[in-house]
file protein37.cif (mmCIF, C-alpha atoms)
data_query
#
loop_
_atom_site.label_atom_id
_atom_site.label_comp_id
_atom_site.auth_asym_id
_atom_site.auth_seq_id
_atom_site.Cartn_x
_atom_site.Cartn_y
_atom_site.Cartn_z
CA MET A 209 5.61 -10.35 15.81
CA GLU A 210 8.25 -12.04 13.64
CA MET A 211 7.24 -13.04 10.09
CA ILE A 212 7.73 -16.74 10.85
CA ASP A 213 5.29 -16.45 13.77
CA LYS A 214 2.72 -14.74 11.54
CA VAL A 215 3.11 -17.53 8.97
CA LYS A 216 2.65 -20.21 11.61
CA GLU A 217 -0.40 -18.47 13.07
CA ALA A 218 -2.05 -18.14 9.64
CA ALA A 219 -1.27 -21.77 8.81
CA SER A 220 -2.64 -22.97 12.16
CA PHE A 221 -5.84 -21.01 11.56
CA LEU A 222 -6.27 -22.53 8.08
CA SER A 223 -5.50 -26.01 9.35
CA ASN A 224 -8.26 -25.61 11.92
CA GLN A 225 -10.58 -24.57 9.05
CA GLY A 226 -9.89 -27.90 7.34
CA PHE A 227 -7.00 -26.97 5.05
CA LYS A 228 -5.06 -30.20 5.63
CA ASN A 229 -3.19 -33.00 3.83
CA LEU A 230 -2.33 -30.78 0.89
CA ASP A 231 -0.63 -31.96 -2.28
CA VAL A 232 -0.41 -28.88 -4.49
CA GLY A 233 -0.72 -25.11 -4.18
CA ILE A 234 -1.90 -23.10 -7.19
CA ILE A 235 -1.64 -19.33 -7.75
CA LEU A 236 -4.16 -18.04 -10.27
CA GLY A 237 -3.08 -14.89 -12.10
CA THR A 238 -4.92 -11.98 -13.67
CA GLY A 239 -8.10 -13.12 -15.43
CA LEU A 240 -7.29 -16.76 -14.73
CA GLY A 241 -10.03 -18.00 -12.44
CA ALA A 242 -11.78 -20.70 -14.47
CA LEU A 243 -9.77 -23.49 -12.87
CA VAL A 244 -11.82 -22.88 -9.73
CA ASN A 245 -14.86 -24.25 -11.60
CA GLU A 246 -13.03 -27.59 -11.94
CA ILE A 247 -12.26 -27.91 -8.22
CA VAL A 248 -14.50 -29.93 -5.95
CA ILE A 249 -14.53 -27.23 -3.30
CA GLU A 250 -14.53 -28.34 0.33
CA ALA A 251 -13.75 -24.98 1.93
CA GLU A 252 -13.07 -21.42 0.91
CA ILE A 253 -12.18 -18.33 2.87
CA ASP A 254 -11.66 -14.67 2.02
CA TYR A 255 -8.15 -13.37 2.50
CA SER A 256 -9.60 -10.79 4.87
CA GLY A 257 -10.55 -13.61 7.25
CA ILE A 258 -7.05 -15.11 7.49
CA PRO A 259 -4.71 -13.77 10.19
CA HIS A 260 -1.96 -11.48 8.80
CA PHE A 261 -2.96 -12.13 5.16
CA PRO A 262 -2.69 -9.16 2.81
CA ILE A 263 -5.86 -8.04 1.02
CA ALA A 264 -6.05 -8.13 -2.78
CA THR A 265 -6.54 -4.55 -3.98
CA VAL A 266 -6.66 -5.17 -7.75
CA GLU A 267 -10.26 -5.21 -8.92
CA PHE A 268 -9.85 -8.29 -11.13
CA HIS A 269 -8.31 -10.38 -8.34
CA LYS A 270 -10.93 -12.13 -6.22
CA GLY A 271 -9.07 -12.52 -2.93
CA LYS A 272 -10.06 -16.04 -1.85
CA LEU A 273 -8.24 -19.15 -0.72
CA ILE A 274 -9.95 -22.28 -2.03
CA TYR A 275 -9.45 -25.81 -0.72
CA GLY A 276 -10.64 -28.98 -2.39
CA LYS A 277 -9.94 -31.78 -4.85
CA LEU A 278 -8.70 -31.53 -8.42
CA GLU A 279 -8.31 -34.78 -10.34
CA GLY A 280 -7.82 -36.68 -7.08
CA LYS A 281 -5.23 -34.32 -5.62
CA THR A 282 -5.88 -32.18 -2.56
CA ILE A 283 -5.15 -28.63 -3.60
CA VAL A 284 -5.33 -25.10 -2.30
CA ALA A 285 -5.79 -22.35 -4.87
CA MET A 286 -5.12 -18.66 -4.46
CA GLN A 287 -7.82 -16.85 -6.41
CA GLY A 288 -5.97 -13.57 -6.60
CA ARG A 289 -2.38 -12.74 -5.74
CA PHE A 290 -0.40 -9.80 -4.40
CA HIS A 291 1.93 -7.48 -6.27
CA TYR A 292 4.74 -5.18 -5.27
CA TYR A 293 3.02 -2.36 -7.17
CA GLU A 294 0.05 -2.50 -4.80
CA GLY A 295 2.30 -1.11 -2.10
CA TYR A 296 3.10 -4.36 -0.31
CA SER A 297 6.56 -5.31 0.88
CA MET A 298 8.12 -8.36 -0.77
CA ALA A 299 7.61 -10.24 2.51
CA GLU A 300 3.88 -9.55 2.20
CA VAL A 301 3.83 -10.52 -1.48
CA VAL A 302 5.24 -13.98 -0.70
CA PHE A 303 3.46 -14.41 2.64
CA PRO A 304 0.81 -16.76 1.15
CA VAL A 305 3.46 -19.02 -0.41
CA ARG A 306 5.17 -19.35 2.94
CA VAL A 307 1.84 -20.16 4.56
CA LEU A 308 1.03 -22.81 1.95
CA ASN A 309 4.45 -24.36 2.44
CA GLU A 310 3.86 -24.40 6.20
CA LEU A 311 0.57 -26.20 5.50
CA GLY A 312 2.54 -28.90 3.68
CA ILE A 313 2.06 -28.45 -0.06
CA GLN A 314 4.48 -30.60 -2.06
CA LYS A 315 4.44 -28.57 -5.29
CA LEU A 316 3.52 -25.05 -6.39
CA LEU A 317 1.94 -24.13 -9.72
CA VAL A 318 1.84 -20.49 -10.78
CA SER A 319 0.01 -18.74 -13.60
CA ASN A 320 0.15 -15.18 -14.82
CA ALA A 321 -0.87 -12.89 -17.65
CA GLY A 322 2.09 -11.44 -19.53
CA GLY A 323 3.00 -9.33 -22.52
CA SER A 324 4.74 -11.18 -25.32
CA MET A 325 7.85 -9.62 -26.84
CA ASN A 326 8.63 -12.70 -28.93
CA LEU A 327 7.26 -11.88 -32.38
CA ASP A 328 7.17 -15.56 -33.33
CA TRP A 329 4.36 -16.15 -30.81
CA ASN A 330 0.71 -15.13 -30.88
CA LYS A 331 -1.55 -13.43 -28.37
CA GLY A 332 -3.66 -16.03 -26.58
CA GLU A 333 -0.94 -18.70 -26.54
CA LEU A 334 0.82 -20.01 -23.44
CA MET A 335 4.46 -19.92 -22.39
CA LEU A 336 6.09 -22.34 -19.99
CA ILE A 337 8.58 -20.34 -17.94
CA GLU A 338 11.99 -21.92 -18.35
CA ASP A 339 13.90 -19.21 -16.52
CA HIS A 340 13.43 -15.62 -15.43
CA ILE A 341 15.06 -12.21 -15.11
CA ASN A 342 14.22 -10.28 -11.96
CA LEU A 343 14.02 -6.50 -12.42
CA GLN A 344 11.87 -5.87 -9.38
CA PRO A 345 13.62 -3.53 -6.92
CA ASP A 346 13.59 -5.80 -3.88
CA SER A 347 13.90 -9.44 -2.87
CA PRO A 348 11.68 -11.44 -0.51
CA LEU A 349 14.90 -12.79 1.03
CA ARG A 350 16.14 -9.37 2.15
CA GLY A 351 16.18 -8.64 5.87
CA THR A 352 16.77 -10.47 9.10
CA GLU A 353 13.46 -12.35 9.22
CA ALA A 354 13.80 -14.13 5.87
CA SER A 355 16.42 -16.57 7.18
CA ALA A 356 13.70 -18.35 9.19
CA PHE A 357 12.47 -19.88 5.92
CA GLY A 358 15.80 -21.18 4.60
CA PRO A 359 19.14 -19.87 3.34
CA ILE A 360 18.93 -16.29 2.11
CA PHE A 361 21.70 -16.99 -0.42
CA THR A 362 19.31 -19.32 -2.20
CA ASP A 363 20.59 -21.09 -5.31
CA MET A 364 18.58 -20.04 -8.38
CA SER A 365 20.38 -22.04 -11.06
CA THR A 366 17.22 -24.05 -11.74
CA PRO A 367 14.30 -22.03 -10.32
CA TYR A 368 11.64 -23.99 -12.22
CA ASP A 369 11.35 -27.72 -11.61
CA GLU A 370 12.58 -29.60 -14.66
CA LYS A 371 10.47 -32.67 -13.94
CA LEU A 372 7.25 -30.66 -13.76
CA ASN A 373 8.21 -28.72 -16.88
CA ASN A 374 8.89 -31.91 -18.82
CA ILE A 375 5.51 -33.34 -17.82
CA LEU A 376 3.72 -30.14 -18.85
CA GLN A 377 5.47 -30.17 -22.25
CA GLN A 378 4.45 -33.78 -22.80
CA ILE A 379 0.84 -33.01 -21.85
CA ALA A 380 0.79 -30.04 -24.24
CA LYS A 381 2.07 -32.26 -27.04
CA GLU A 382 -0.55 -34.94 -26.35
CA GLN A 383 -3.37 -32.41 -26.05
CA LYS A 384 -2.20 -30.40 -29.10
CA ILE A 385 -1.85 -27.25 -27.02
CA THR A 386 0.66 -24.60 -28.09
CA LEU A 387 3.03 -24.28 -25.15
CA ASN A 388 5.97 -22.03 -25.96
CA LYS A 389 9.00 -22.16 -23.70
CA GLY A 390 10.98 -19.10 -22.73
CA ILE A 391 12.17 -16.40 -20.35
CA TYR A 392 9.92 -14.27 -18.15
CA VAL A 393 11.07 -10.88 -16.93
CA SER A 394 9.41 -9.42 -13.85
CA VAL A 395 9.18 -5.63 -13.52
CA ALA A 396 7.74 -3.47 -10.76
CA GLY A 397 4.80 -1.94 -12.64
CA PRO A 398 2.02 -0.96 -12.55
CA ASN A 399 2.68 1.19 -15.61
CA LEU A 400 3.32 -0.67 -18.82
CA GLU A 401 6.49 -0.32 -20.86
CA THR A 402 7.66 2.19 -23.43
CA LYS A 403 8.81 1.12 -26.88
CA ALA A 404 12.41 1.59 -25.81
CA GLU A 405 11.86 -0.51 -22.69
CA TYR A 406 10.35 -3.36 -24.73
CA ARG A 407 13.42 -3.28 -26.99
CA TYR A 408 15.70 -3.33 -23.96
CA LEU A 409 13.86 -6.24 -22.31
CA ARG A 410 13.99 -8.23 -25.53
CA GLN A 411 17.70 -7.52 -25.95
CA ILE A 412 18.54 -8.80 -22.46
CA GLY A 413 16.89 -12.11 -23.33
CA ALA A 414 13.28 -11.93 -22.18
CA ASP A 415 10.32 -13.32 -24.14
CA VAL A 416 7.49 -12.24 -21.84
CA VAL A 417 7.14 -9.37 -19.38
CA GLY A 418 4.93 -9.22 -16.29
CA MET A 419 4.65 -7.81 -12.78
CA SER A 420 4.43 -10.95 -10.64
CA THR A 421 5.55 -14.57 -10.19
CA VAL A 422 9.28 -14.11 -9.61
CA PRO A 423 9.00 -13.15 -5.91
CA GLU A 424 6.87 -16.23 -5.22
CA VAL A 425 9.30 -18.44 -7.17
CA ILE A 426 12.26 -17.08 -5.19
CA ALA A 427 10.44 -17.78 -1.93
CA ALA A 428 9.53 -21.29 -3.09
CA ASN A 429 13.14 -22.06 -4.02
CA GLN A 430 14.33 -20.87 -0.62
CA MET A 431 12.00 -23.47 0.95
CA ASN A 432 12.97 -26.23 -1.53
CA LEU A 433 9.42 -26.21 -2.89
CA PRO A 434 9.26 -27.44 -6.53
CA VAL A 435 7.54 -24.88 -8.75
CA ALA A 436 6.30 -24.60 -12.32
CA ALA A 437 4.84 -21.49 -13.92
CA ILE A 438 2.91 -20.68 -17.09
CA SER A 439 2.25 -17.28 -18.66
CA VAL A 440 -0.82 -16.53 -20.76
CA LEU A 441 0.26 -14.20 -23.56
CA THR A 442 -2.35 -11.46 -23.34
CA ASP A 443 -0.87 -8.75 -25.55
CA ASP A 444 1.72 -8.27 -28.29
CA CYS A 445 4.58 -6.00 -27.26
CA ASP A 446 6.09 -5.17 -30.63
CA PRO A 447 7.85 -1.80 -30.23
CA ASP A 448 7.62 -1.10 -33.96
CA ASN A 449 3.85 -1.63 -34.01
CA LEU A 450 2.86 -0.83 -30.44
CA GLN A 451 -0.82 -0.23 -29.76
CA PRO A 452 -2.27 1.37 -26.61
CA ILE A 453 -3.09 -1.30 -24.01
CA ASP A 454 -6.70 -1.94 -23.02
CA ILE A 455 -6.82 -3.79 -19.68
CA ASP A 456 -10.28 -5.13 -20.53
CA ASP A 457 -8.85 -6.68 -23.68
CA ILE A 458 -6.04 -8.25 -21.65
CA ILE A 459 -8.55 -9.79 -19.24
CA ALA A 460 -10.69 -11.05 -22.13
CA THR A 461 -7.67 -12.66 -23.81
CA ALA A 462 -6.62 -14.30 -20.56
CA MET A 463 -10.11 -15.70 -20.00
CA GLU A 464 -10.24 -17.06 -23.56
CA ALA A 465 -6.79 -18.67 -23.37
CA GLU A 466 -7.17 -20.17 -19.93
CA LYS A 467 -9.15 -23.15 -21.21
CA ASP A 468 -5.81 -24.59 -22.36
CA LEU A 469 -4.23 -23.71 -19.01
CA VAL A 470 -7.03 -25.57 -17.23
CA VAL A 471 -6.37 -28.67 -19.34
CA LEU A 472 -2.63 -28.53 -18.59
CA PHE A 473 -3.12 -28.17 -14.84
CA LYS A 474 -5.81 -30.87 -14.66
CA GLU A 475 -3.72 -33.35 -16.63
CA LEU A 476 -0.68 -32.48 -14.52
CA MET A 477 -2.67 -33.42 -11.38
CA LYS A 478 -3.21 -36.88 -12.87
CA ALA A 479 0.47 -37.27 -13.74
CA ILE A 480 2.12 -36.30 -10.45
#
call {"tool": "encode", "arguments": {"input": "protein37.cif", "output": "structure tokens"}}
result
Amino acid sequence: MEMIDKVKEAASFLSNQGFKNLDVGIILGTGLGALVNEIVIEAEIDYSGIPHFPIATVEFHKGKLIYGKLEGKTIVAMQGRFHYYEGYSMAEVVFPVRVLNELGIQKLLVSNAGGSMNLDWNKGELMLIEDHINLQPDSPLRGTEASAFGPIFTDMSTPYDEKLNNILQQIAKEQKITLNKGIYVSVAGPNLETKAEYRYLRQIGADVVGMSTVPEVIAANQMNLPVAAISVLTDDCDPDNLQPIDIDDIIATAMEAEKDLVVLFKELMKAI
């Protein structure tokens, strides 16, 4: 079965489950699930129950699609996402975004946990992604089936929607939330970086490093779907003072910082 047919079948199934009249899709990253508590949930379904959907294999990703209302907007939230390092193809990684687009979302919001290489910023702060560098070894637009979703030579001159970014910056200012702005670099993972690699990534212009987001953003741009993305800075990646990473500490930092992320996303719902 062609990928486009799988997407249409999954979307038809979800539509029949009540996932209709959508305004916004939201992808919740590692340790970032508290927004779900703010949603007036009308339906939810495990990924395992959706035709052709991948299954989240990372233990701190829930693996549920949640439908409901957030500040008056009809939203669908992915509680748990897919990563290239889990063994999925890029087509599988972006499959949910293509399904949400088929269901009719008008905007996509993405969150992730990332390591901060910008020494002017602090762990626990947020970064609005202004642009990205893709160091993952594949593209979701590679192959003959990708053209069903739009041009494979997709323009990426402005991958993140400037209007959404401007609104988020204004909200952060009004709410007195520290929202840094910078460049996200996406690597394959799942291993973390060496000191030399952190120096290299900083030298090529990146502020934050992570293992997600960029494939979904590429897929969204192919489909002309406006997207905004925010990283929670969960660890300091200073190569001259590098400490061993504790994944539990990363999760704890993400959970502590996400209260500001929740405020930004809720206020954004009111503004769009």
call {"tool": "closest_residue", "arguments": {"input": "protein37.cif", "among": "A:Leu400, A:Ile283, A:Ala462, A:Leu409", "to": "Ile234 (chain A)", "atoms": "only C-alpha atoms"}}
result
A:Ile283
call {"tool": "residues_around", "arguments": {"input": "protein37.cif", "residues": "Val284 (chain A)", "least_positions_apart": "6", "cutoff": "10 Å", "atoms": "all atoms listed in the file", "output": "PyMOL selection string"}}
result
chain A and resi 227-228+230-235+247+249+251-252+273-278+308+311+313+316
call {"tool": "resolve_selection", "arguments": {"input": "protein37.cif", "expression": "the PyMOL selection byres ((chain A and resi 321-324) around 7)", "output": "list in words"}}
result
Gly237, Thr238, Asn320, Met325, Asn326, Asp415, Val416, Val417, Gly418, Ser439, Val440, Leu441, Thr442, Asp443, Asp444, Cys445 and Ala462 of chain A
call {"tool": "closest_residue", "arguments": {"input": "protein37.cif", "among": "A:Asn342, A:Gln451, A:Thr362, A:Gln225", "to": "Met431 (chain A)", "atoms": "all atoms listed in the file"}}
result
A:Thr362
call {"tool": "resolve_selection", "arguments": {"input": "protein37.cif", "expression": "the PyMOL selection byres ((chain A and resi 346-361) around 10)", "output": "PDB file with C-alpha atoms, keeping the file's coordinate frame"}}
result
ATOM      1  CA  GLU A 210       8.250 -12.040  13.640  1.00  0.00           C
ATOM      2  CA  MET A 211       7.240 -13.040  10.090  1.00  0.00           C
ATOM      3  CA  ILE A 212       7.730 -16.740  10.850  1.00  0.00           C
ATOM      4  CA  ASP A 213       5.290 -16.450  13.770  1.00  0.00           C
ATOM      5  CA  TYR A 292       4.740  -5.180  -5.270  1.00  0.00           C
ATOM      6  CA  SER A 297       6.560  -5.310   0.880  1.00  0.00           C
ATOM      7  CA  MET A 298       8.120  -8.360  -0.770  1.00  0.00           C
ATOM      8  CA  ALA A 299       7.610 -10.240   2.510  1.00  0.00           C
ATOM      9  CA  GLU A 300       3.880  -9.550   2.200  1.00  0.00           C
ATOM     10  CA  VAL A 301       3.830 -10.520  -1.480  1.00  0.00           C
ATOM     11  CA  VAL A 302       5.240 -13.980  -0.700  1.00  0.00           C
ATOM     12  CA  PHE A 303       3.460 -14.410   2.640  1.00  0.00           C
ATOM     13  CA  ARG A 306       5.170 -19.350   2.940  1.00  0.00           C
ATOM     14  CA  ASN A 309       4.450 -24.360   2.440  1.00  0.00           C
ATOM     15  CA  GLU A 310       3.860 -24.400   6.200  1.00  0.00           C
ATOM     16  CA  ASN A 342      14.220 -10.280 -11.960  1.00  0.00           C
ATOM     17  CA  LEU A 343      14.020  -6.500 -12.420  1.00  0.00           C
ATOM     18  CA  GLN A 344      11.870  -5.870  -9.380  1.00  0.00           C
ATOM     19  CA  PRO A 345      13.620  -3.530  -6.920  1.00  0.00           C
ATOM     20  CA  THR A 362      19.310 -19.320  -2.200  1.00  0.00           C
ATOM     21  CA  ASP A 363      20.590 -21.090  -5.310  1.00  0.00           C
ATOM     22  CA  MET A 364      18.580 -20.040  -8.380  1.00  0.00           C
ATOM     23  CA  ALA A 396       7.740  -3.470 -10.760  1.00  0.00           C
ATOM     24  CA  VAL A 422       9.280 -14.110  -9.610  1.00  0.00           C
ATOM     25  CA  PRO A 423       9.000 -13.150  -5.910  1.00  0.00           C
ATOM     26  CA  GLU A 424       6.870 -16.230  -5.220  1.00  0.00           C
ATOM     27  CA  VAL A 425       9.300 -18.440  -7.170  1.00  0.00           C
ATOM     28  CA  ILE A 426      12.260 -17.080  -5.190  1.00  0.00           C
ATOM     29  CA  ALA A 427      10.440 -17.780  -1.930  1.00  0.00           C
ATOM     30  CA  ALA A 428       9.530 -21.290  -3.090  1.00  0.00           C
ATOM     31  CA  ASN A 429      13.140 -22.060  -4.020  1.00  0.00           C
ATOM     32  CA  GLN A 430      14.330 -20.870  -0.620  1.00  0.00           C
ATOM     33  CA  MET A 431      12.000 -23.470   0.950  1.00  0.00           C
ATOM     34  CA  ASN A 432      12.970 -26.230  -1.530  1.00  0.00           C
TER      35      ASN A 432
END
call {"tool": "resolve_selection", "arguments": {"input": "protein37.cif", "expression": "the PyMOL selection byres ((chain A and resi 262) around 8)", "output": "list in words"}}
result
Tyr255, Ser256, His260, Phe261, Ile263, Ala264, Phe290, Glu300 and Val301 of chain A
call {"tool": "closest_residue", "arguments": {"input": "protein37.cif", "among": "A:Ile412, A:Ala465, A:Ile379, A:Met335", "to": "Ala479 (chain A)", "atoms": "all atoms listed in the file"}}
result
A:Ile379
call {"tool": "closest_atom_pairs", "arguments": {"input": "protein37.cif", "of": "region 248-317 of chain A", "to": "region 472-475 of chain A", "cutoff": "10 Å", "atoms": "all atoms listed in the file", "output": "CSV"}}
result
residue,atom,partner,partner_atom,distance
A:Leu278,CA,A:Lys474,CA,6.9
A:Glu279,CA,A:Lys474,CA,6.3
A:Gly280,CA,A:Lys474,CA,9.8
A:Lys281,CA,A:Lys474,CA,9.7
A:Leu317,CA,A:Phe473,CA,8.3
call {"tool": "atom_distance", "arguments": {"input": "protein37.cif", "atom1": "CA of Ile337 (chain A)", "atom2": "CA of Thr402 (chain A)"}}
result
23.2 Å
call {"tool": "atom_distance", "arguments": {"input": "protein37.cif", "atom1": "CA of Glu333 (chain A)", "atom2": "CA of Glu466 (chain A)"}}
result
9.2 Å
call {"tool": "closest_residue", "arguments": {"input": "protein37.cif", "among": "A:Asn330, A:Ser220, A:Gln287, A:Thr282", "to": "Val318 (chain A)", "atoms": "only C-alpha atoms"}}
result
A:Gln287
call {"tool": "axis_aligned_box", "arguments": {"input": "protein37.cif", "around": "region 337-348 of chain A", "padding_each_side": "6 Å", "output": "lines of an AutoDock Vina configuration file"}}
result
center_x = 11.8
center_y = -12.7
center_z = -9.4
size_x = 18.5
size_y = 30.4
size_z = 29.8
call {"tool": "atom_distance", "arguments": {"input": "protein37.cif", "atom1": "CA of Leu334 (chain A)", "atom2": "CA of Glu405 (chain A)"}}
result
22.4 Å
call {"tool": "closest_residue", "arguments": {"input": "protein37.cif", "among": "A:Gly271, A:Pro447, A:Pro304, A:Gly390", "to": "Tyr406 (chain A)", "atoms": "all atoms listed in the file"}}
result
A:Pro447
call {"tool": "decode", "arguments": {"input": "protein37.cif", "residues": "region 355-428 of chain A", "atoms": "C-alpha atoms", "output": "compact mmCIF listing (two decimals), in the first residue's frame"}}
result
# COMPACT_ATOMS: atom_id res chain seq x y z
CA SER A 355 5.70 13.51 -3.89
CA ALA A 356 2.08 12.64 -3.05
CA PHE A 357 2.26 15.19 -0.22
CA GLY A 358 3.70 18.13 -2.18
CA PRO A 359 6.87 19.13 -4.00
CA ILE A 360 9.90 17.16 -2.84
CA PHE A 361 12.15 20.15 -3.58
CA THR A 362 10.41 21.99 -0.77
CA ASP A 363 11.54 25.55 -0.06
CA MET A 364 13.00 25.82 3.45
CA SER A 365 13.98 29.48 3.48
CA THR A 366 11.48 30.18 6.27
CA PRO A 367 10.68 26.81 7.89
CA TYR A 368 9.13 28.35 11.01
CA ASP A 369 6.11 30.60 10.62
CA GLU A 370 7.10 34.19 11.32
CA LYS A 371 3.61 35.24 12.36
CA LEU A 372 3.34 32.47 14.97
CA ASN A 373 6.86 33.22 16.21
CA ASN A 374 6.07 36.91 16.60
CA ILE A 375 2.93 36.13 18.60
CA LEU A 376 4.84 33.73 20.87
CA GLN A 377 7.54 36.36 21.50
CA GLN A 378 4.89 38.94 22.39
CA ILE A 379 3.17 36.49 24.76
CA ALA A 380 6.50 35.69 26.44
CA LYS A 381 7.15 39.40 26.94
CA GLU A 382 3.69 39.98 28.42
CA GLN A 383 3.91 36.92 30.68
CA LYS A 384 7.53 37.66 31.71
CA ILE A 385 8.69 34.29 30.41
CA THR A 386 12.28 33.91 29.23
CA LEU A 387 12.01 32.85 25.60
CA ASN A 388 15.39 32.77 23.90
CA LYS A 389 15.49 32.67 20.12
CA GLY A 390 17.98 30.62 18.18
CA ILE A 391 19.06 27.72 15.99
CA TYR A 392 18.23 24.06 16.62
CA VAL A 393 20.41 21.31 15.21
CA SER A 394 18.91 17.86 14.79
CA VAL A 395 21.19 14.83 15.05
CA ALA A 396 20.45 11.13 14.69
CA GLY A 397 21.13 10.01 18.28
CA PRO A 398 20.43 8.22 20.51
CA ASN A 399 23.91 8.66 21.96
CA LEU A 400 24.72 12.11 23.25
CA GLU A 401 27.61 14.21 21.96
CA THR A 402 31.30 14.30 22.74
CA LYS A 403 33.04 17.49 23.82
CA ALA A 404 34.48 17.86 20.34
CA GLU A 405 31.06 17.39 18.76
CA TYR A 406 29.52 20.08 20.98
CA ARG A 407 32.30 22.46 19.90
CA TYR A 408 31.66 21.59 16.26
CA LEU A 409 27.89 22.08 16.53
CA ARG A 410 28.38 25.43 18.22
CA GLN A 411 30.87 26.52 15.56
CA ILE A 412 28.46 25.75 12.71
CA GLY A 413 25.89 28.05 14.31
CA ALA A 414 23.66 25.93 16.52
CA ASP A 415 22.39 26.98 19.95
CA VAL A 416 20.50 23.82 20.91
CA VAL A 417 20.92 20.18 19.92
CA GLY A 418 18.26 17.47 19.85
CA MET A 419 17.14 14.32 18.06
CA SER A 420 13.71 15.28 16.73
CA THR A 421 11.52 18.07 15.32
CA VAL A 422 13.30 18.78 12.03
CA PRO A 423 11.76 15.84 10.10
CA GLU A 424 8.26 16.90 11.18
CA VAL A 425 9.00 20.53 10.25
CA ILE A 426 10.24 19.49 6.79
CA ALA A 427 7.08 17.44 6.24
CA ALA A 428 4.90 20.34 7.42
